[in-house]
file entry_14.cif (mmCIF, C-alpha atoms)
data_query
#
loop_
_atom_site.group_PDB
_atom_site.id
_atom_site.type_symbol
_atom_site.label_atom_id
_atom_site.label_comp_id
_atom_site.auth_asym_id
_atom_site.auth_seq_id
_atom_site.Cartn_x
_atom_site.Cartn_y
_atom_site.Cartn_z
ATOM 1 C CA ASN A 198 76.547 52.318 127.682
ATOM 2 C CA VAL A 199 76.158 56.039 128.357
ATOM 3 C CA LEU A 200 77.822 56.983 125.065
ATOM 4 C CA ALA A 201 76.004 54.430 122.890
ATOM 5 C CA GLY A 202 74.472 55.880 119.782
ATOM 6 C CA THR A 203 77.176 58.489 119.290
ATOM 7 C CA HIS A 204 77.944 58.297 115.586
ATOM 8 C CA LEU A 205 80.142 60.495 113.463
ATOM 9 C CA PRO A 206 80.676 59.641 109.798
ATOM 10 C CA ASN A 207 84.455 60.030 110.068
ATOM 11 C CA LEU A 208 84.753 57.911 113.220
ATOM 12 C CA LEU A 209 86.078 54.711 111.652
ATOM 13 C CA VAL A 210 86.682 52.826 114.912
ATOM 14 C CA GLY A 211 84.900 53.979 118.053
ATOM 15 C CA LEU A 212 83.399 52.656 121.277
ATOM 16 C CA ASP A 213 81.203 50.044 119.584
ATOM 17 C CA ALA A 214 84.255 48.242 118.201
ATOM 18 C CA ARG A 215 85.948 47.780 121.603
ATOM 19 C CA ASP A 216 89.256 47.846 119.805
ATOM 20 C CA ASP A 217 92.763 48.880 120.879
ATOM 21 C CA ALA A 218 92.387 52.523 119.806
ATOM 22 C CA THR A 219 90.013 55.009 118.236
ATOM 23 C CA VAL A 220 90.439 55.890 114.560
ATOM 24 C CA TYR A 221 89.082 59.125 113.072
ATOM 25 C CA ARG A 222 89.315 59.975 109.344
ATOM 26 C CA LEU A 223 90.977 63.362 108.801
ATOM 27 C CA ASN A 224 90.924 63.244 104.994
ATOM 28 C CA ASP A 225 91.178 60.690 102.165
ATOM 29 C CA GLU A 226 94.830 59.966 102.966
ATOM 30 C CA GLN A 227 95.055 60.201 106.763
ATOM 31 C CA ALA A 228 93.233 59.032 109.834
ATOM 32 C CA ALA A 229 94.174 59.856 113.413
ATOM 33 C CA VAL A 230 94.690 56.912 115.773
ATOM 34 C CA LEU A 231 94.278 57.815 119.456
ATOM 35 C CA THR A 232 94.766 55.761 122.607
ATOM 36 C CA VAL A 233 95.609 56.120 126.291
ATOM 37 C CA ASP A 234 97.191 53.485 128.506
ATOM 38 C CA PHE A 235 98.921 53.622 131.900
ATOM 39 C CA PHE A 236 99.586 51.325 134.841
ATOM 40 C CA ALA A 237 101.431 50.883 138.143
ATOM 41 C CA PRO A 238 105.065 49.695 138.099
ATOM 42 C CA LEU A 239 105.713 46.125 136.969
ATOM 43 C CA VAL A 240 109.456 46.326 137.636
ATOM 44 C CA ASP A 241 111.689 48.056 140.184
ATOM 45 C CA ASP A 242 113.918 49.980 137.757
ATOM 46 C CA PRO A 243 112.282 53.402 137.087
ATOM 47 C CA TYR A 244 113.767 53.864 133.602
ATOM 48 C CA SER A 245 112.648 50.387 132.517
ATOM 49 C CA TYR A 246 109.194 51.028 133.962
ATOM 50 C CA GLY A 247 108.865 54.206 131.878
ATOM 51 C CA ALA A 248 110.067 52.449 128.722
ATOM 52 C CA ILE A 249 107.723 49.484 129.266
ATOM 53 C CA ALA A 250 104.698 51.710 129.909
ATOM 54 C CA ALA A 251 105.453 53.773 126.796
ATOM 55 C CA ALA A 252 105.994 50.721 124.574
ATOM 56 C CA ASN A 253 102.743 49.263 125.877
ATOM 57 C CA ALA A 254 100.748 52.419 125.108
ATOM 58 C CA MET A 255 102.241 52.741 121.624
ATOM 59 C CA SER A 256 101.436 49.088 120.872
ATOM 60 C CA ASP A 257 97.782 50.123 120.570
ATOM 61 C CA ILE A 258 98.733 52.440 117.691
ATOM 62 C CA TYR A 259 100.700 49.671 115.966
ATOM 63 C CA ALA A 260 97.826 47.220 116.480
ATOM 64 C CA MET A 261 95.644 49.533 114.393
ATOM 65 C CA GLY A 262 98.297 49.708 111.641
ATOM 66 C CA GLY A 263 99.398 53.237 112.541
ATOM 67 C CA GLU A 264 102.637 55.095 113.149
ATOM 68 C CA VAL A 265 103.297 57.115 116.299
ATOM 69 C CA LEU A 266 103.257 60.896 115.839
ATOM 70 C CA LEU A 267 103.260 62.310 119.378
ATOM 71 C CA ALA A 268 102.401 61.424 122.941
ATOM 72 C CA LEU A 269 101.367 63.062 126.192
ATOM 73 C CA ASN A 270 102.600 61.774 129.547
ATOM 74 C CA VAL A 271 99.864 60.565 131.899
ATOM 75 C CA ALA A 272 101.321 60.182 135.388
ATOM 76 C CA ALA A 273 100.520 59.979 139.076
ATOM 77 C CA PHE A 274 103.267 59.994 141.710
ATOM 78 C CA PRO A 275 103.410 60.094 145.514
ATOM 79 C CA GLU A 276 104.450 63.496 146.886
ATOM 80 C CA ASP A 277 107.482 61.992 148.585
ATOM 81 C CA LEU A 278 108.781 60.092 145.540
ATOM 82 C CA SER A 279 112.310 61.172 144.658
ATOM 83 C CA GLN A 280 112.506 63.592 141.734
ATOM 84 C CA ASP A 281 115.361 61.470 140.371
ATOM 85 C CA ILE A 282 113.031 58.469 140.177
ATOM 86 C CA VAL A 283 110.315 60.545 138.505
ATOM 87 C CA ALA A 284 112.883 61.868 136.004
ATOM 88 C CA ASP A 285 114.066 58.323 135.223
ATOM 89 C CA ILE A 286 110.495 57.133 134.589
ATOM 90 C CA LEU A 287 109.769 60.085 132.298
ATOM 91 C CA ARG A 288 113.111 59.683 130.504
ATOM 92 C CA GLY A 289 112.403 55.977 129.896
ATOM 93 C CA GLY A 290 109.070 56.906 128.328
ATOM 94 C CA ALA A 291 110.486 59.780 126.285
ATOM 95 C CA ASP A 292 113.362 57.681 124.938
ATOM 96 C CA LYS A 293 110.926 54.972 123.831
ATOM 97 C CA VAL A 294 108.652 57.515 122.097
ATOM 98 C CA PHE A 295 111.698 58.997 120.349
ATOM 99 C CA GLU A 296 112.719 55.487 119.237
ATOM 100 C CA ALA A 297 109.236 55.155 117.712
ATOM 101 C CA GLY A 298 109.761 58.352 115.716
ATOM 102 C CA GLY A 299 107.480 60.477 117.885
ATOM 103 C CA ILE A 300 107.848 63.173 120.506
ATOM 104 C CA ILE A 301 106.481 63.835 123.982
ATOM 105 C CA ALA A 302 104.464 67.032 123.545
ATOM 106 C CA GLY A 303 103.245 67.530 127.128
ATOM 107 C CA GLY A 304 101.054 65.681 129.572
ATOM 108 C CA HIS A 305 99.405 65.718 132.960
ATOM 109 C CA THR A 306 100.709 64.671 136.369
ATOM 110 C CA MET A 307 98.813 64.299 139.610
ATOM 111 C CA ILE A 308 99.546 63.183 143.161
ATOM 112 C CA ASP A 309 98.589 59.637 144.153
ATOM 113 C CA LYS A 310 99.684 57.087 146.750
ATOM 114 C CA GLU A 311 100.992 54.664 144.127
ATOM 115 C CA PRO A 312 103.043 55.586 141.042
ATOM 116 C CA LYS A 313 101.268 55.240 137.723
ATOM 117 C CA TYR A 314 102.644 56.130 134.315
ATOM 118 C CA GLY A 315 101.664 55.834 130.693
ATOM 119 C CA LEU A 316 100.843 57.806 127.607
ATOM 120 C CA CYS A 317 98.058 59.261 125.564
ATOM 121 C CA VAL A 318 99.316 58.569 122.039
ATOM 122 C CA LEU A 319 98.380 60.081 118.687
ATOM 123 C CA GLY A 320 99.266 58.183 115.543
ATOM 124 C CA LEU A 321 98.439 58.301 111.866
ATOM 125 C CA VAL A 322 97.255 55.606 109.462
ATOM 126 C CA HIS A 323 95.788 55.549 105.959
ATOM 127 C CA PRO A 324 91.993 55.227 106.383
ATOM 128 C CA GLU A 325 91.911 52.158 104.122
ATOM 129 C CA ARG A 326 94.785 50.414 105.927
ATOM 130 C CA VAL A 327 93.361 50.249 109.446
ATOM 131 C CA PHE A 328 93.669 46.915 111.252
ATOM 132 C CA THR A 329 90.949 45.912 113.718
ATOM 133 C CA LYS A 330 90.357 42.991 116.043
ATOM 134 C CA ASN A 331 87.174 41.996 114.267
ATOM 135 C CA GLY A 332 88.977 41.497 110.958
ATOM 136 C CA SER A 333 89.915 37.968 112.028
ATOM 137 C CA ARG A 334 88.274 34.925 110.438
ATOM 138 C CA PRO A 335 88.033 31.216 111.303
ATOM 139 C CA GLY A 336 91.131 29.389 110.088
ATOM 140 C CA ASP A 337 93.458 32.397 110.378
ATOM 141 C CA ALA A 338 97.032 31.700 111.460
ATOM 142 C CA LEU A 339 98.022 33.354 114.739
ATOM 143 C CA TYR A 340 101.349 35.182 114.923
ATOM 144 C CA LEU A 341 102.848 36.565 118.119
ATOM 145 C CA SER A 342 105.285 39.483 118.085
ATOM 146 C CA LYS A 343 106.642 38.686 121.549
ATOM 147 C CA LYS A 344 107.007 35.675 123.806
ATOM 148 C CA LEU A 345 104.242 34.895 126.263
ATOM 149 C CA GLY A 346 104.846 34.784 130.018
ATOM 150 C CA THR A 347 106.154 38.230 130.945
ATOM 151 C CA GLY A 348 103.301 38.684 133.419
ATOM 152 C CA ILE A 349 104.271 35.483 135.199
ATOM 153 C CA VAL A 350 107.889 36.635 135.414
ATOM 154 C CA THR A 351 107.024 40.105 136.754
ATOM 155 C CA THR A 352 104.672 38.564 139.326
ATOM 156 C CA ALA A 353 107.483 36.232 140.395
ATOM 157 C CA ALA A 354 109.816 39.250 140.612
ATOM 158 C CA MET A 355 107.369 41.030 142.938
ATOM 159 C CA MET A 356 107.535 37.932 145.154
ATOM 160 C CA ASP A 357 111.354 37.926 144.913
ATOM 161 C CA ILE A 358 111.457 34.498 143.268
ATOM 162 C CA ALA A 359 112.222 35.381 139.626
ATOM 163 C CA ALA A 360 115.534 34.313 138.164
ATOM 164 C CA PRO A 361 117.492 37.453 137.173
ATOM 165 C CA ARG A 362 117.952 36.208 133.589
ATOM 166 C CA HIS A 363 114.195 35.657 133.222
ATOM 167 C CA LEU A 364 113.432 39.125 134.562
ATOM 168 C CA LYS A 365 116.020 40.703 132.258
ATOM 169 C CA ALA A 366 114.490 38.909 129.241
ATOM 170 C CA ALA A 367 110.960 39.912 130.277
ATOM 171 C CA ILE A 368 111.957 43.579 130.659
ATOM 172 C CA ALA A 369 113.636 43.570 127.239
ATOM 173 C CA SER A 370 110.553 41.995 125.667
ATOM 174 C CA MET A 371 108.067 44.374 127.315
ATOM 175 C CA ALA A 372 110.147 47.427 126.343
ATOM 176 C CA ARG A 373 110.531 46.337 122.706
ATOM 177 C CA LEU A 374 108.355 48.266 120.267
ATOM 178 C CA ASN A 375 105.831 46.456 118.075
ATOM 179 C CA ARG A 376 106.607 48.836 115.217
ATOM 180 C CA ARG A 377 108.530 46.353 113.059
ATOM 181 C CA PRO A 378 106.040 43.493 113.565
ATOM 182 C CA SER A 379 103.255 45.890 112.533
ATOM 183 C CA HIS A 380 105.089 46.524 109.255
ATOM 184 C CA ILE A 381 105.825 42.832 108.681
ATOM 185 C CA VAL A 382 102.231 41.673 109.139
ATOM 186 C CA ARG A 383 101.093 44.191 106.553
ATOM 187 C CA GLU A 384 103.622 42.790 104.074
ATOM 188 C CA VAL A 385 102.368 39.223 104.600
ATOM 189 C CA GLY A 386 98.730 40.223 104.182
ATOM 190 C CA ALA A 387 97.365 40.132 107.718
ATOM 191 C CA HIS A 388 93.825 41.417 108.086
ATOM 192 C CA ALA A 389 93.463 41.623 111.881
ATOM 193 C CA LEU A 390 95.706 42.724 114.758
ATOM 194 C CA THR A 391 95.408 43.255 118.471
ATOM 195 C CA ASP A 392 97.609 44.247 121.374
ATOM 196 C CA VAL A 393 97.696 41.795 124.288
#
call {"tool": "encode", "arguments": {"input": "entry_14.cif", "output": "structure tokens"}}
result
Amino acid sequence: NVLAGTHLPNLLVGLDARDDATVYRLNDEQAAVLTVDFFAPLVDDPYSYGAIAAANAMSDIYAMGGEVLLALNVAAFPEDLSQDIVADILRGGADKVFEAGGIIAGGHTMIDKEPKYGLCVLGLVHPERVFTKNGSRPGDALYLSKKLGTGIVTTAAMMDIAAPRHLKAAIASMARLNRRPSHIVREVGAHALTDV
């Protein structure tokens, strides 16, 4: 790894951990949680696509035990894509960030053949309350915050063979924030989390 050996005393979770996000101690009470995530459309509806991409990016913050503070749009769109579609994608993302208690503070857009959208997200967590993947131990119970199978449904939708009710349920699940589950697992004493 080109960046191996980079060590800062306040970098609580970095490249070596291969976790969902980076965590950097700001002071004794706060650590910044930072992540970036984006992908090509999984669904046809632009607003839903924006909401799903935003919820997915923010899930990395929740997986580390953090709360969303602000986000930057990360986007690539074809030159000939309708501005109405672009606006719907961005609005879906912004509405989801607002639901999480954060704001969209800017971003970067470039031209590409295929649409891509996501967020760079900044969150906050107490330095002693950070969840990591490697906190798990043999014998731990496994809890899921969402149903499995949304990828199968969206693949079926791309092939035009998904039942509308299954696609609707998958979209609702993918767009749902993991904020509440992140709070609940802390209350029940979880010691490891990850975003799948």
call {"tool": "resolve_selection", "arguments": {"input": "entry_14.cif", "expression": "the PyMOL selection byres ((chain A and resi 371-380) around 6)", "output": "list in words"}}
result
Ala248, Ile249, Ala252, Ser256, Tyr259, Ile368, Ala369, Ser370, Ile381, Val382 and Arg383 of chain A
call {"tool": "atom_distance", "arguments": {"input": "entry_14.cif", "atom1": "CA of Pro206 in chain A", "atom2": "CA of Leu223 in chain A"}}
result
11.0 Å
call {"tool": "atom_distance", "arguments": {"input": "entry_14.cif", "atom1": "CA of Phe328 in chain A", "atom2": "CA of Leu208 in chain A"}}
result
14.3 Å
call {"tool": "residues_around", "arguments": {"input": "entry_14.cif", "residues": "Asp242 in chain A", "least_positions_apart": "4", "cutoff": "12 Å", "atoms": "only C-alpha atoms", "output": "JSON, numbers by chain"}}
result
{"A": [238, 246, 247, 248, 249, 281, 282, 283, 285, 286, 289, 354, 364, 365, 368]}
call {"tool": "residues_around", "arguments": {"input": "entry_14.cif", "residues": "Gly320 in chain A", "least_positions_apart": "5", "cutoff": "10 Å", "atoms": "all atoms listed in the file", "output": "list in words"}}
result
Ala218, Val220, Gln227, Ala228, Ala229, Val230, Leu231, Thr232, Met255, Asp257, Ile258, Tyr259, Met261, Gly262, Gly263, Glu264, Val265, Leu266, Leu267, Ala268 and Gly299 of chain A
call {"tool": "write_last_selection", "arguments": {"input": "entry_14.cif", "atoms": "C-alpha atoms", "output": "compact mmCIF listing (two decimals), in the frame of the given file"}}
result
# COMPACT_ATOMS: atom_id res chain seq x y z
CA ALA A 218 92.39 52.52 119.81
CA VAL A 220 90.44 55.89 114.56
CA GLN A 227 95.06 60.20 106.76
CA ALA A 228 93.23 59.03 109.83
CA ALA A 229 94.17 59.86 113.41
CA VAL A 230 94.69 56.91 115.77
CA LEU A 231 94.28 57.82 119.46
CA THR A 232 94.77 55.76 122.61
CA MET A 255 102.24 52.74 121.62
CA ASP A 257 97.78 50.12 120.57
CA ILE A 258 98.73 52.44 117.69
CA TYR A 259 100.70 49.67 115.97
CA MET A 261 95.64 49.53 114.39
CA GLY A 262 98.30 49.71 111.64
CA GLY A 263 99.40 53.24 112.54
CA GLU A 264 102.64 55.10 113.15
CA VAL A 265 103.30 57.12 116.30
CA LEU A 266 103.26 60.90 115.84
CA LEU A 267 103.26 62.31 119.38
CA ALA A 268 102.40 61.42 122.94
CA GLY A 299 107.48 60.48 117.88
call {"tool": "axis_aligned_box", "arguments": {"input": "entry_14.cif", "around": "range 212-217 of chain A", "padding_each_side": "5 Å", "output": "AutoDock Vina command-line options"}}
result
--center_x 87.0 --center_y 50.2 --center_z 119.9 --size_x 21.6 --size_y 14.9 --size_z 13.4
call {"tool": "resolve_selection", "arguments": {"input": "entry_14.cif", "expression": "the PyMOL selection byres ((chain A and resi 325) around 10)", "output": "ChimeraX atom specification"}}
result
/A:209,222,225-228,322-324,326-328
call {"tool": "build_atoms", "arguments": {"input": "entry_14.cif", "residues": "range 235-254 of chain A", "atoms": "N, CA and C atoms", "output": "mmCIF file, in the coordinates of the input"}}
result
data_model
loop_
_atom_site.group_PDB
_atom_site.id
_atom_site.type_symbol
_atom_site.label_atom_id
_atom_site.label_comp_id
_atom_site.auth_asym_id
_atom_site.auth_seq_id
_atom_site.Cartn_x
_atom_site.Cartn_y
_atom_site.Cartn_z
ATOM 1 N N PHE A 235 97.965 53.403 130.805
ATOM 2 C CA PHE A 235 98.921 53.622 131.900
ATOM 3 C C PHE A 235 98.697 52.558 132.958
ATOM 4 N N PHE A 236 99.702 52.317 133.779
ATOM 5 C CA PHE A 236 99.586 51.325 134.841
ATOM 6 C C PHE A 236 100.633 51.556 135.921
ATOM 7 N N ALA A 237 100.477 50.831 137.027
ATOM 8 C CA ALA A 237 101.431 50.883 138.143
ATOM 9 C C ALA A 237 102.701 50.122 137.752
ATOM 10 N N PRO A 238 103.796 50.344 138.458
ATOM 11 C CA PRO A 238 105.065 49.695 138.099
ATOM 12 C C PRO A 238 104.986 48.169 138.102
ATOM 13 N N LEU A 239 105.587 47.577 137.064
ATOM 14 C CA LEU A 239 105.713 46.125 136.969
ATOM 15 C C LEU A 239 107.113 45.678 137.363
ATOM 16 N N VAL A 240 108.050 46.618 137.344
ATOM 17 C CA VAL A 240 109.456 46.326 137.636
ATOM 18 C C VAL A 240 109.991 47.410 138.574
ATOM 19 N N ASP A 241 111.113 47.113 139.217
ATOM 20 C CA ASP A 241 111.689 48.056 140.184
ATOM 21 C C ASP A 241 112.463 49.202 139.541
ATOM 22 N N ASP A 242 113.082 48.963 138.393
ATOM 23 C CA ASP A 242 113.918 49.980 137.757
ATOM 24 C C ASP A 242 113.039 51.067 137.135
ATOM 25 N N PRO A 243 113.153 52.331 137.584
ATOM 26 C CA PRO A 243 112.282 53.402 137.087
ATOM 27 C C PRO A 243 112.382 53.633 135.577
ATOM 28 N N TYR A 244 113.598 53.631 135.038
ATOM 29 C CA TYR A 244 113.767 53.864 133.602
ATOM 30 C C TYR A 244 113.070 52.764 132.798
ATOM 31 N N SER A 245 113.284 51.514 133.212
ATOM 32 C CA SER A 245 112.648 50.387 132.517
ATOM 33 C C SER A 245 111.132 50.473 132.614
ATOM 34 N N TYR A 246 110.637 50.861 133.784
ATOM 35 C CA TYR A 246 109.194 51.028 133.962
ATOM 36 C C TYR A 246 108.641 52.045 132.967
ATOM 37 N N GLY A 247 109.308 53.192 132.830
ATOM 38 C CA GLY A 247 108.865 54.206 131.878
ATOM 39 C C GLY A 247 108.885 53.701 130.449
ATOM 40 N N ALA A 248 109.945 52.984 130.082
ATOM 41 C CA ALA A 248 110.067 52.449 128.722
ATOM 42 C C ALA A 248 108.994 51.399 128.449
ATOM 43 N N ILE A 249 108.741 50.531 129.423
ATOM 44 C CA ILE A 249 107.723 49.484 129.266
ATOM 45 C C ILE A 249 106.337 50.102 129.121
ATOM 46 N N ALA A 250 106.013 51.065 129.968
ATOM 47 C CA ALA A 250 104.698 51.710 129.909
ATOM 48 C C ALA A 250 104.499 52.420 128.573
ATOM 49 N N ALA A 251 105.548 53.073 128.081
ATOM 50 C CA ALA A 251 105.453 53.773 126.796
ATOM 51 C C ALA A 251 105.292 52.788 125.646
ATOM 52 N N ALA A 252 106.098 51.729 125.638
ATOM 53 C CA ALA A 252 105.994 50.721 124.574
ATOM 54 C C ALA A 252 104.608 50.093 124.575
ATOM 55 N N ASN A 253 104.072 49.845 125.756
ATOM 56 C CA ASN A 253 102.743 49.263 125.877
ATOM 57 C C ASN A 253 101.674 50.195 125.298
ATOM 58 N N ALA A 254 101.737 51.464 125.627
ATOM 59 C CA ALA A 254 100.748 52.419 125.108
ATOM 60 C C ALA A 254 100.846 52.544 123.591
#
